[in-house]
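S.K.: File follows, coords.cif with mmCIF, C-alpha atoms and all ligand atoms:
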data_protein
loop_
_atom_site.group_PDB
_atom_site.id
_atom_site.type_symbol
_atom_site.label_atom_id
_atom_site.label_comp_id
_atom_site.auth_asym_id
_atom_site.auth_seq_id
_atom_site.Cartn_x
_atom_site.Cartn_y
_atom_site.Cartn_z
ATOM 1 C CA MET A 1 -20.657 1.548 7.713
ATOM 2 C CA THR A 2 -18.666 2.722 4.723
ATOM 3 C CA GLU A 3 -16.644 0.558 2.345
ATOM 4 C CA LEU A 4 -13.554 1.001 4.500
ATOM 5 C CA GLU A 5 -13.619 0.655 8.247
ATOM 6 C CA SER A 6 -13.717 4.393 9.023
ATOM 7 C CA GLU A 7 -14.692 7.623 7.317
ATOM 8 C CA ALA A 8 -11.301 9.079 8.138
ATOM 9 C CA MET A 9 -9.676 6.296 6.112
ATOM 10 C CA GLU A 10 -12.025 6.995 3.199
ATOM 11 C CA ALA A 11 -10.971 10.657 3.254
ATOM 12 C CA GLU A 12 -7.334 9.574 3.292
ATOM 13 C CA PHE A 13 -7.527 6.827 0.665
ATOM 14 C CA ASP A 14 -10.289 7.995 -1.695
ATOM 15 C CA THR A 15 -10.608 11.788 -1.606
ATOM 16 C CA VAL A 16 -6.876 12.411 -1.270
ATOM 17 C CA ALA A 17 -6.204 9.852 -4.002
ATOM 18 C CA GLY A 18 -8.278 11.944 -6.418
ATOM 19 C CA TRP A 19 -6.524 15.106 -5.270
ATOM 20 C CA THR A 20 -3.153 13.421 -5.747
ATOM 21 C CA GLU A 21 -3.982 12.569 -9.343
ATOM 22 C CA GLU A 22 -5.067 16.168 -9.947
ATOM 23 C CA ALA A 23 -1.844 17.561 -8.432
ATOM 24 C CA VAL A 24 0.386 15.166 -10.394
ATOM 25 C CA ARG A 25 -1.339 16.254 -13.595
ATOM 26 C CA ALA A 26 -0.614 19.875 -12.707
ATOM 27 C CA LEU A 27 3.044 19.277 -11.798
ATOM 28 C CA GLY A 28 4.043 16.667 -14.369
ATOM 29 C CA PRO A 29 4.457 12.898 -14.726
ATOM 30 C CA GLY A 30 7.848 12.831 -12.934
ATOM 31 C CA HIS A 31 5.873 13.336 -9.721
ATOM 32 C CA ALA A 32 3.602 10.329 -10.162
ATOM 33 C CA ILE A 33 5.588 7.494 -8.577
ATOM 34 C CA PRO A 34 6.843 9.343 -5.469
ATOM 35 C CA ALA A 35 3.405 10.845 -4.836
ATOM 36 C CA GLY A 36 1.682 7.586 -5.722
ATOM 37 C CA CYS A 37 3.386 5.549 -3.024
ATOM 38 C CA ARG A 38 1.043 6.397 -0.187
ATOM 39 C CA GLY A 39 2.095 4.359 2.753
ATOM 40 C CA SER A 40 4.899 2.331 1.238
ATOM 41 C CA GLY A 41 6.657 5.634 0.604
ATOM 42 C CA SER A 42 10.281 4.572 0.170
ATOM 43 C CA GLU A 43 12.185 3.442 -2.863
ATOM 44 C CA GLY A 44 14.448 1.277 -0.685
ATOM 45 C CA ALA A 45 11.437 -0.701 0.588
ATOM 46 C CA LEU A 46 10.101 -1.231 -2.940
ATOM 47 C CA ARG A 47 13.533 -2.419 -4.092
ATOM 48 C CA TRP A 48 13.997 -4.767 -1.114
ATOM 49 C CA LEU A 49 10.682 -6.442 -1.892
ATOM 50 C CA ALA A 50 11.129 -6.549 -5.672
ATOM 51 C CA ASP A 51 14.569 -8.172 -5.284
ATOM 52 C CA ARG A 52 12.931 -11.096 -3.457
ATOM 53 C CA LEU A 53 9.799 -11.661 -5.550
ATOM 54 C CA GLU A 54 11.618 -13.659 -8.270
ATOM 55 C CA LEU A 55 10.098 -11.519 -11.001
ATOM 56 C CA HIS A 56 10.824 -11.991 -14.665
ATOM 57 C CA PRO A 57 9.297 -10.414 -17.780
ATOM 58 C CA GLY A 58 5.879 -11.987 -18.140
ATOM 59 C CA SER A 59 5.400 -12.663 -14.405
ATOM 60 C CA ARG A 60 1.748 -12.315 -13.456
ATOM 61 C CA VAL A 61 1.816 -9.764 -10.619
ATOM 62 C CA LEU A 62 -0.972 -8.457 -8.373
ATOM 63 C CA ASP A 63 -0.903 -5.399 -6.123
ATOM 64 C CA ALA A 64 -3.737 -5.726 -3.568
ATOM 65 C CA GLY A 65 -4.719 -2.457 -1.902
ATOM 66 C CA ALA A 66 -2.690 -0.707 -4.583
ATOM 67 C CA GLY A 67 -3.804 2.838 -3.734
ATOM 68 C CA VAL A 68 -3.097 5.255 -6.579
ATOM 69 C CA GLY A 69 -0.629 2.755 -8.052
ATOM 70 C CA GLY A 70 2.802 4.165 -7.199
ATOM 71 C CA PRO A 71 4.381 0.857 -6.115
ATOM 72 C CA ALA A 72 2.876 -1.023 -9.086
ATOM 73 C CA GLY A 73 3.962 1.796 -11.427
ATOM 74 C CA TRP A 74 7.468 1.565 -9.952
ATOM 75 C CA LEU A 75 7.546 -2.229 -10.520
ATOM 76 C CA ALA A 76 6.427 -1.729 -14.120
ATOM 77 C CA ALA A 77 9.096 0.906 -14.751
ATOM 78 C CA GLU A 78 11.953 -0.802 -12.885
ATOM 79 C CA ARG A 79 11.282 -4.524 -13.325
ATOM 80 C CA GLY A 80 9.504 -4.777 -16.677
ATOM 81 C CA VAL A 81 6.342 -6.430 -15.352
ATOM 82 C CA ARG A 82 2.756 -5.268 -15.826
ATOM 83 C CA PRO A 83 1.032 -5.545 -12.454
ATOM 84 C CA VAL A 84 -2.723 -5.775 -12.017
ATOM 85 C CA CYS A 85 -4.061 -3.550 -9.233
ATOM 86 C CA ALA A 86 -6.990 -4.234 -6.902
ATOM 87 C CA GLU A 87 -8.088 -1.355 -4.691
ATOM 88 C CA PRO A 88 -11.400 -0.704 -2.893
ATOM 89 C CA MET A 89 -11.430 3.071 -3.395
ATOM 90 C CA GLU A 90 -12.722 4.109 -6.825
ATOM 91 C CA ALA A 91 -10.774 7.392 -7.073
ATOM 92 C CA ALA A 92 -7.538 5.586 -6.231
ATOM 93 C CA ALA A 93 -8.173 2.784 -8.732
ATOM 94 C CA GLN A 94 -8.963 5.365 -11.396
ATOM 95 C CA ALA A 95 -5.751 7.279 -10.628
ATOM 96 C CA SER A 96 -3.676 4.113 -11.039
ATOM 97 C CA ARG A 97 -5.194 3.609 -14.496
ATOM 98 C CA ARG A 98 -4.784 7.201 -15.599
ATOM 99 C CA LEU A 99 -1.377 7.986 -14.077
ATOM 100 C CA PHE A 100 0.383 4.695 -14.818
ATOM 101 C CA GLY A 101 -1.748 2.952 -17.463
ATOM 102 C CA LEU A 102 -2.190 0.025 -15.075
ATOM 103 C CA ARG A 103 -5.042 -2.456 -15.186
ATOM 104 C CA SER A 104 -6.994 -1.826 -12.017
ATOM 105 C CA VAL A 105 -10.166 -3.247 -10.468
ATOM 106 C CA VAL A 106 -12.205 -1.873 -7.583
ATOM 107 C CA ALA A 107 -12.124 -4.662 -5.000
ATOM 108 C CA THR A 108 -11.209 -5.323 -1.401
ATOM 109 C CA GLY A 109 -8.468 -7.769 -0.586
ATOM 110 C CA GLN A 110 -11.066 -10.103 0.946
ATOM 111 C CA ARG A 111 -12.948 -10.451 -2.349
ATOM 112 C CA LEU A 112 -10.498 -10.494 -5.215
ATOM 113 C CA PRO A 113 -12.215 -10.970 -8.590
ATOM 114 C CA PHE A 114 -9.621 -13.406 -9.920
ATOM 115 C CA ALA A 115 -9.505 -17.167 -10.466
ATOM 116 C CA ASP A 116 -7.457 -19.434 -8.188
ATOM 117 C CA ARG A 117 -3.701 -19.412 -8.922
ATOM 118 C CA SER A 118 -3.913 -16.425 -11.321
ATOM 119 C CA PHE A 119 -0.656 -14.785 -10.162
ATOM 120 C CA ASP A 120 3.038 -15.632 -9.743
ATOM 121 C CA ALA A 121 3.670 -12.812 -7.276
ATOM 122 C CA ALA A 122 1.694 -10.315 -5.229
ATOM 123 C CA GLU A 123 2.356 -7.233 -3.156
ATOM 124 C CA CYS A 124 0.194 -5.922 -0.349
ATOM 125 C CA LEU A 125 1.717 -2.756 1.086
ATOM 126 C CA GLY A 126 0.399 -0.820 4.062
ATOM 127 C CA VAL A 127 -2.936 -2.616 3.810
ATOM 128 C CA LEU A 128 -3.166 -5.239 6.572
ATOM 129 C CA CYS A 129 -3.276 -2.569 9.281
ATOM 130 C CA THR A 130 -6.259 -0.881 7.589
ATOM 131 C CA THR A 131 -8.581 -3.867 8.041
ATOM 132 C CA SER A 132 -9.676 -6.002 10.977
ATOM 133 C CA ASP A 133 -10.020 -8.961 8.573
ATOM 134 C CA LYS A 134 -6.325 -9.623 8.069
ATOM 135 C CA ALA A 135 -6.865 -13.388 7.854
ATOM 136 C CA GLY A 136 -9.479 -12.857 5.109
ATOM 137 C CA VAL A 137 -7.069 -10.768 3.013
ATOM 138 C CA LEU A 138 -4.204 -13.243 3.415
ATOM 139 C CA ALA A 139 -6.465 -16.217 2.579
ATOM 140 C CA GLU A 140 -7.553 -14.492 -0.653
ATOM 141 C CA LEU A 141 -3.960 -13.662 -1.549
ATOM 142 C CA ARG A 142 -3.035 -17.310 -1.041
ATOM 143 C CA ARG A 143 -5.978 -18.417 -3.201
ATOM 144 C CA VAL A 144 -5.055 -16.223 -6.174
ATOM 145 C CA LEU A 145 -1.307 -17.005 -5.981
ATOM 146 C CA ASP A 146 0.062 -20.045 -7.729
ATOM 147 C CA ASP A 147 1.810 -22.676 -5.607
ATOM 148 C CA GLY A 148 5.324 -21.382 -5.013
ATOM 149 C CA GLY A 149 4.200 -17.817 -5.787
ATOM 150 C CA ARG A 150 5.706 -15.015 -3.720
ATOM 151 C CA LEU A 151 3.978 -12.461 -1.542
ATOM 152 C CA GLY A 152 5.663 -9.182 -0.586
ATOM 153 C CA LEU A 153 4.244 -7.373 2.418
ATOM 154 C CA LEU A 154 4.765 -4.068 4.121
ATOM 155 C CA VAL A 155 2.948 -4.076 7.450
ATOM 156 C CA PHE A 156 2.915 -1.373 10.093
ATOM 157 C CA VAL A 157 3.414 -3.422 13.245
ATOM 158 C CA ALA A 158 3.185 -2.529 16.926
ATOM 159 C CA ASP A 159 4.515 -4.984 19.477
ATOM 160 C CA ALA A 160 2.956 -3.187 22.468
ATOM 161 C CA PRO A 161 -0.080 -0.928 23.010
ATOM 162 C CA LEU A 162 0.438 2.477 21.380
ATOM 163 C CA PRO A 163 -0.077 5.848 23.080
ATOM 164 C CA PRO A 164 -3.082 7.865 21.785
ATOM 165 C CA PRO A 165 -4.127 9.685 19.705
ATOM 166 C CA LEU A 166 -4.240 6.768 17.277
ATOM 167 C CA PRO A 167 -5.151 7.024 13.582
ATOM 168 C CA GLU A 168 -8.840 6.213 13.169
ATOM 169 C CA GLY A 169 -9.746 2.819 11.766
ATOM 170 C CA ASN A 170 -6.247 1.343 11.839
ATOM 171 C CA GLU A 171 -5.558 -1.914 13.664
ATOM 172 C CA PHE A 172 -1.850 -2.517 13.921
ATOM 173 C CA PRO A 173 -0.869 -6.169 14.399
ATOM 174 C CA SER A 174 2.282 -7.243 16.210
ATOM 175 C CA GLU A 175 5.082 -8.911 14.254
ATOM 176 C CA VAL A 176 4.409 -12.203 16.060
ATOM 177 C CA GLU A 177 0.721 -12.029 15.163
ATOM 178 C CA THR A 178 1.531 -11.221 11.520
ATOM 179 C CA ARG A 179 3.926 -14.154 11.265
ATOM 180 C CA ALA A 180 1.233 -16.457 12.706
ATOM 181 C CA LEU A 181 -1.414 -15.101 10.307
ATOM 182 C CA LEU A 182 0.907 -15.724 7.358
ATOM 183 C CA ALA A 183 1.553 -19.322 8.412
ATOM 184 C CA ALA A 184 -2.166 -19.959 9.012
ATOM 185 C CA ALA A 185 -2.997 -18.676 5.511
ATOM 186 C CA GLY A 186 -0.527 -21.107 3.923
ATOM 187 C CA PHE A 187 2.562 -18.943 3.525
ATOM 188 C CA GLU A 188 6.135 -19.756 4.487
ATOM 189 C CA LEU A 189 8.159 -16.704 5.499
ATOM 190 C CA ARG A 190 11.415 -16.400 3.531
ATOM 191 C CA ASP A 191 12.822 -13.043 4.552
ATOM 192 C CA ALA A 192 11.892 -10.123 6.780
ATOM 193 C CA ALA A 193 13.397 -6.756 7.715
ATOM 194 C CA ASP A 194 12.467 -3.402 9.167
ATOM 195 C CA ALA A 195 12.062 -0.750 6.476
ATOM 196 C CA ASP A 196 13.716 2.623 6.633
ATOM 197 C CA LEU A 197 10.982 4.771 5.142
ATOM 198 C CA ALA A 198 13.328 7.764 4.910
ATOM 199 C CA ASP A 199 15.829 6.208 2.497
ATOM 200 C CA SER A 200 14.455 7.529 -0.802
ATOM 201 C CA PRO A 201 16.654 9.738 -3.005
ATOM 202 C CA PRO A 202 16.214 13.513 -2.470
ATOM 203 C CA GLU A 203 14.450 13.959 -5.854
ATOM 204 C CA TRP A 204 11.837 11.432 -4.734
ATOM 205 C CA THR A 205 11.176 13.292 -1.469
ATOM 206 C CA GLU A 206 11.122 16.663 -3.235
ATOM 207 C CA ALA A 207 8.570 15.427 -5.791
ATOM 208 C CA ALA A 208 6.323 13.967 -3.070
ATOM 209 C CA ASP A 209 6.581 17.201 -1.044
ATOM 210 C CA ALA A 210 5.715 19.292 -4.107
ATOM 211 C CA VAL A 211 2.579 17.221 -4.681
ATOM 212 C CA ASP A 212 1.601 17.572 -1.010
ATOM 213 C CA ALA A 213 2.046 21.355 -1.251
ATOM 214 C CA GLU A 214 -0.042 21.512 -4.442
ATOM 215 C CA ILE A 215 -2.831 19.491 -2.789
ATOM 216 C CA GLU A 216 -2.753 21.845 0.198
ATOM 217 C CA ARG A 217 -2.878 24.900 -2.072
ATOM 218 C CA ARG A 218 -5.953 23.526 -3.844
ATOM 219 C CA HIS A 219 -7.770 21.814 -0.968
ATOM 220 C CA GLY A 220 -6.220 22.976 2.306
ATOM 221 C CA HIS A 221 -9.532 24.602 3.293
ATOM 222 C CA ASP A 222 -11.457 21.321 2.936
ATOM 223 C CA PRO A 223 -12.176 19.540 6.255
ATOM 224 C CA ARG A 224 -11.292 16.236 4.562
ATOM 225 C CA PHE A 225 -7.785 17.602 3.923
ATOM 226 C CA GLN A 226 -7.414 18.405 7.628
ATOM 227 C CA GLN A 227 -8.771 14.961 8.544
ATOM 228 C CA ALA A 228 -6.366 13.172 6.210
ATOM 229 C CA ARG A 229 -3.441 15.287 7.433
ATOM 230 C CA GLU A 230 -4.350 14.460 11.042
ATOM 231 C CA GLN A 231 -4.444 10.727 10.186
ATOM 232 C CA SER A 232 -1.059 10.670 8.477
ATOM 233 C CA GLY A 233 0.403 12.927 11.179
ATOM 234 C CA ARG A 234 -0.622 10.418 13.840
ATOM 235 C CA VAL A 235 1.024 7.560 11.933
ATOM 236 C CA GLY A 236 4.153 9.681 11.463
ATOM 237 C CA ARG A 237 4.343 10.464 15.185
ATOM 238 C CA LEU A 238 3.993 6.772 16.150
ATOM 239 C CA LEU A 239 6.717 5.809 13.664
ATOM 240 C CA GLY A 240 8.957 8.591 14.939
ATOM 241 C CA GLU A 241 8.515 7.490 18.547
ATOM 242 C CA GLY A 242 9.355 3.913 17.576
ATOM 243 C CA GLY A 243 6.217 2.188 18.891
ATOM 244 C CA LEU A 244 5.152 1.566 15.322
ATOM 245 C CA ARG A 245 7.499 0.238 12.658
ATOM 246 C CA ALA A 246 7.285 -0.677 8.997
ATOM 247 C CA TRP A 247 7.952 -4.402 8.669
ATOM 248 C CA LEU A 248 8.835 -5.906 5.279
ATOM 249 C CA ALA A 249 8.330 -9.582 4.562
ATOM 250 C CA VAL A 250 8.474 -11.947 1.632
ATOM 251 C CA ALA A 251 6.685 -15.277 1.905
ATOM 252 C CA VAL A 252 6.114 -18.219 -0.411
ATOM 253 C CA ALA A 253 2.699 -19.787 -1.063
ATOM 254 C CA ARG A 254 2.943 -23.393 0.113
HETATM 255 C C1 LIG A 301 -1.608 3.069 3.283
HETATM 256 S S1 LIG A 301 -2.478 2.855 1.771
HETATM 257 C C2 LIG A 301 -1.263 2.025 0.785
HETATM 258 C C3 LIG A 301 -1.516 2.114 -0.677
HETATM 259 C C4 LIG A 301 -0.459 1.430 -1.552
HETATM 260 N N1 LIG A 301 -0.378 0.010 -1.277
HETATM 261 C C5 LIG A 301 0.899 2.056 -1.353
HETATM 262 O O1 LIG A 301 1.755 1.433 -0.723
HETATM 263 O O2 LIG A 301 1.107 3.185 -1.815
HETATM 264 C C6 LIG A 301 -3.624 1.562 2.177
HETATM 265 C C7 LIG A 301 -4.530 1.153 1.017
HETATM 266 O O3 LIG A 301 -5.278 -0.006 1.408
HETATM 267 C C8 LIG A 301 -6.582 0.116 0.892
HETATM 268 N N2 LIG A 301 -7.454 -0.768 1.674
HETATM 269 C C9 LIG A 301 -8.113 -0.517 2.811
HETATM 270 N N3 LIG A 301 -8.816 -1.612 3.208
HETATM 271 C C10 LIG A 301 -8.562 -2.570 2.295
HETATM 272 C C11 LIG A 301 -8.991 -3.918 2.121
HETATM 273 N N4 LIG A 301 -9.818 -4.495 2.990
HETATM 274 N N5 LIG A 301 -8.539 -4.598 1.056
HETATM 275 C C12 LIG A 301 -7.680 -4.026 0.170
HETATM 276 N N6 LIG A 301 -7.243 -2.753 0.279
HETATM 277 C C13 LIG A 301 -7.679 -2.039 1.316
HETATM 278 C C14 LIG A 301 -6.891 1.596 1.038
HETATM 279 O O4 LIG A 301 -7.972 2.014 0.221
HETATM 280 C C15 LIG A 301 -5.559 2.218 0.648
HETATM 281 O O5 LIG A 301 -5.486 2.471 -0.735
#
When written as structure tokens, how does the structure in this file appear?
M.R.:
Amino acid sequence: MTELESEAMEAEFDTVAGWTEEAVRALGPGHAIPAGCRGSGSEGALRWLADRLELHPGSRVLDAGAGVGGPAGWLAAERGVRPVCAEPMEAAAQASRRLFGLRSVVATGQRLPFADRSFDAAECLGVLCTTSDKAGVLAELRRVLDDGGRLGLLVFVADAPLPPPLPEGNEFPSEVETRALLAAAGFELRDAADADLADSPPEWTEAADAVDAEIERRHGHDPRFQQAREQSGRVGRLLGEGGLRAWLAVAVAR
């Protein structure tokens, strides 16, 4: 077994992360944040979460499963904090360092290399549905958050069985299950909403599309490109049909 729970996810989250960094370098730094939000993909969702995390300059912030660092880079630019990223895929962690100057460690959410109560706030976006060990990730997040610290989540939830073909390696929890997992890990839910992943400004969408086109131009022949495109296409179809939805939540560490 690979580091992640399927090879298709490794293609999507490691190989494509490296390609994304390469394409952003070719197109310019204005493309980094839109292209770097793989999964959380909407400025409205990032803003909704950030508004509820009680951030202030100097807040100690963690992004677990940070990908190439778009959401953490956005927080740094918009909210004046300096998040630390943890991400299991090396190419993604490296991209977050090089594109956004973020501090980034290679680590899964189940084994975070930080002392207890190291952070005042944490984000974990589009990650819980990529692992079967959701309880393990939430327990670690609770451990590294200070008492009263805030956790912002974006979870792709499915409240009923989904029609195939499903993206490989993903395990989508229901909202009820996610709420129960949060409570069991020692979190108290403060606010929740469905995200509209299509509410970014047009410049954001155009920049992300340009990076996608540049990646296709450079790597469209590579089977891993096709595999990653198939994976994200399946998620997109399920979201479009409504069986899958992006659920935002902010919870407090009790
Ligand atoms: C859909 S992407 C989201 C990336 C980023 N949070 C964002 O919103 O742009 C999911 C990320 O979770 C990471 N991941 C997968 N399994 C994980 C685990 N067990 N712990 C932490 N991160 C994990 C993947 O490598 C990938 O970067």
S.K.: Need the shell around Ala249 (chain A): protein/DNA/RNA residues with any atom at most 6 Å away, counting all atoms listed in the file. Skip same-chain ones fewer than 6 positions apart. Format as a list in words?
M.R.: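 Using all atoms listed in the file, the neighbours found are Gly152, Leu153, Asp191 and Ala192 of chain A.
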S.K.: CA of Leu53 (chain A) and CA of Val105 (chain A), how far apart in Å?
M.R.: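 Going from CA of Val105 (chain A) over to CA of Leu53 (chain A) covers 22.2 Å.
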S.K.: Would you kindly translate the PyMOL selection byres (((chain A and resi 54) around 12) and not hetatm) into the concrete residues it picks from this file, as a list in words?
M.R.: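 This file gives the following for the PyMOL selection byres (((chain A and resi 54) around 12) and not hetatm): Trp48, Leu49, Ala50, Asp51, Arg52, Leu53, Leu55, His56, Pro57, Gly58, Ser59, Arg60, Val61, Arg79, Val81, Asp120, Ala121, Ala122, Gly148, Gly149, Arg150, Leu151, Gly152, Val250, Ala251 and Val252 of chain A.
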S.K.: Write out as an MDAnalysis selection string the residues lying within 9 Å of region 204-220 of chain A, counting only C-alpha atoms and excluding same-chain residues fewer than 2 positions away.
M.R.: chainID A and resid 16 19:20 22:24 26:27 30:37 42:43 198 200:202 222:226
S.K.: For Ala93 (chain A), please output as a VMD selection string all residues within 10 Å (counting all atoms listed in the file; exclusion window: fewer than 3 positions along the same chain).
M.R.: chain A and resid 14 17 to 18 65 to 69 85 to 90 96 to 98 102 to 107
S.K.: Carefully work through the PyMOL selection byres (((chain A and resi 126-131) around 7) and not hetatm) for this structure and note down the residues it includes, as JSON, numbers by chain.
M.R.: {"A": [5, 39, 40, 65, 124, 125, 132, 133, 134, 154, 155, 156, 169, 170, 171, 172, 173]}
S.K.: Just so the selection is clear, what residues does the PyMOL selection byres (((chain A and resi 118) around 6) and not hetatm) cover here, as an mmCIF file with C-alpha atoms, in the frame of the given file?
M.R.:
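Here's the written file selection.cif:
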data_model
loop_
_atom_site.group_PDB
_atom_site.id
_atom_site.type_symbol
_atom_site.label_atom_id
_atom_site.label_comp_id
_atom_site.auth_asym_id
_atom_site.auth_seq_id
_atom_site.Cartn_x
_atom_site.Cartn_y
_atom_site.Cartn_z
ATOM 1 C CA ALA A 115 -9.505 -17.167 -10.466
ATOM 2 C CA ASP A 116 -7.457 -19.434 -8.188
ATOM 3 C CA ARG A 117 -3.701 -19.412 -8.922
ATOM 4 C CA PHE A 119 -0.656 -14.785 -10.162
ATOM 5 C CA VAL A 144 -5.055 -16.223 -6.174
ATOM 6 C CA LEU A 145 -1.307 -17.005 -5.981
#
